[in-house]
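K.L.:
This is the structure, below, for whatever I ask next.
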Amino acid sequence: MNDKHQLEYKLIGLNIAYYRKLKGMTQLQLAEHAGISRTHMSNIEAPNMPTSISMETLLDISDALGIPAEKLLSFKE
């Protein structure tokens with residue numbers, strides 16, 4: 001993965017974790033709804049190992065969370 005976007009991937013993962021917890025979902029539940037493995041979901045959310053995510057997966061996760069994808073891409077200081 002290119003180091004150029006590590007911070008953005010980390011922030012996307014943190015946003016996903018935030019909205020998942022807000023919805024009362026486990027990583028396994030969200031992963032199943034998004035059609036990915038729990039391990040991949042865990043890697044996406046882990047702040048210490050920024051993991052790239054495809055646009056399709058991002059959209060699947062936002063659908064599973066019932067939120068617009070733009071919320072997962074919104075980075076506030």
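Each chain in the structure tokens gets a letter, A, B and so on, in the order shown; residues start at 1 in every chain, and ligands are counted from 1 in the order they appear.
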Show me, as a PyMOL selection string, the residues that have an atom within 10 Å of Thr57 in chain A when counting only C-alpha atoms, minus same-chain residues fewer than 4 positions from it.
P.N.:
chain A and resi 31+34-36+41+53+61-63
K.L.:
Keeping only C-alpha atoms, write those residues as a short mmCIF file (atom, residue, chain, number, x, y, z; two decimals), in the first residue's frame.
P.N.:
```cif
data_model
loop_
_atom_site.label_atom_id
_atom_site.label_comp_id
_atom_site.auth_asym_id
_atom_site.auth_seq_id
_atom_site.Cartn_x
_atom_site.Cartn_y
_atom_site.Cartn_z
CA ALA A 31 -18.76 -8.13 7.74
CA ALA A 34 -21.13 -6.26 3.68
CA GLY A 35 -20.07 -9.59 2.16
CA ILE A 36 -16.50 -9.62 3.46
CA MET A 41 -13.33 -6.00 8.60
CA ILE A 53 -10.46 -0.62 0.92
CA ILE A 61 -20.29 -1.25 4.32
CA SER A 62 -22.21 2.03 4.13
CA ASP A 63 -25.27 0.13 2.87
#
```
K.L.:
List the spatial neighbours of Ser54 in chain A as a PDB file with C-alpha atoms, in the first residue's frame - criterion: any atom at most 12 Å away, only C-alpha atoms, same-chain residues fewer than 2 positions off excluded.
P.N.:
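Result went into result.pdb, see below:
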```pdb
ATOM      1  CA  TYR A   9      -7.362   4.680   5.400  1.00  0.00           C
ATOM      2  CA  ILE A  12     -12.018   5.578   7.250  1.00  0.00           C
ATOM      3  CA  ILE A  36     -16.497  -9.615   3.459  1.00  0.00           C
ATOM      4  CA  HIS A  40     -10.849  -8.124   6.607  1.00  0.00           C
ATOM      5  CA  ILE A  44     -10.005  -2.186   7.965  1.00  0.00           C
ATOM      6  CA  THR A  51      -5.724  -1.264   5.239  1.00  0.00           C
ATOM      7  CA  SER A  52      -6.822  -0.197   1.785  1.00  0.00           C
ATOM      8  CA  GLU A  56     -17.260  -1.400  -3.735  1.00  0.00           C
ATOM      9  CA  THR A  57     -16.461  -2.568  -0.199  1.00  0.00           C
ATOM     10  CA  LEU A  58     -16.860   0.960   1.154  1.00  0.00           C
ATOM     11  CA  LEU A  59     -20.290   1.224  -0.470  1.00  0.00           C
ATOM     12  CA  ASP A  60     -21.289  -2.238   0.782  1.00  0.00           C
ATOM     13  CA  ILE A  61     -20.293  -1.251   4.322  1.00  0.00           C
TER      14      ILE A  61
END
```
K.L.:
Tell me which protein, DNA and RNA residues are within 10 Å of Ile16 in chain A, counting only C-alpha atoms, leaving out same-chain ones fewer than 2 positions away, and put them as a list in words.
P.N.:
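After dropping sequence-adjacent residues, the list is Lys10, Leu11, Ile12, Gly13, Leu14, Tyr18, Tyr19, Arg20, Lys21, Leu22, Gln27, Leu30, Met41, Ile44, Glu45, Leu58, Ile61, Ser62, Leu65, Ala69, Lys71, Leu72 and Leu73 of chain A.
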K.L.:
Suppose you want the space between CA of Lys4 in chain A and CA of Arg38 in chain A; what is it in Å?
P.N.:
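Result for CA of Lys4 in chain A versus CA of Arg38 in chain A: 26.0 Å, one decimal.
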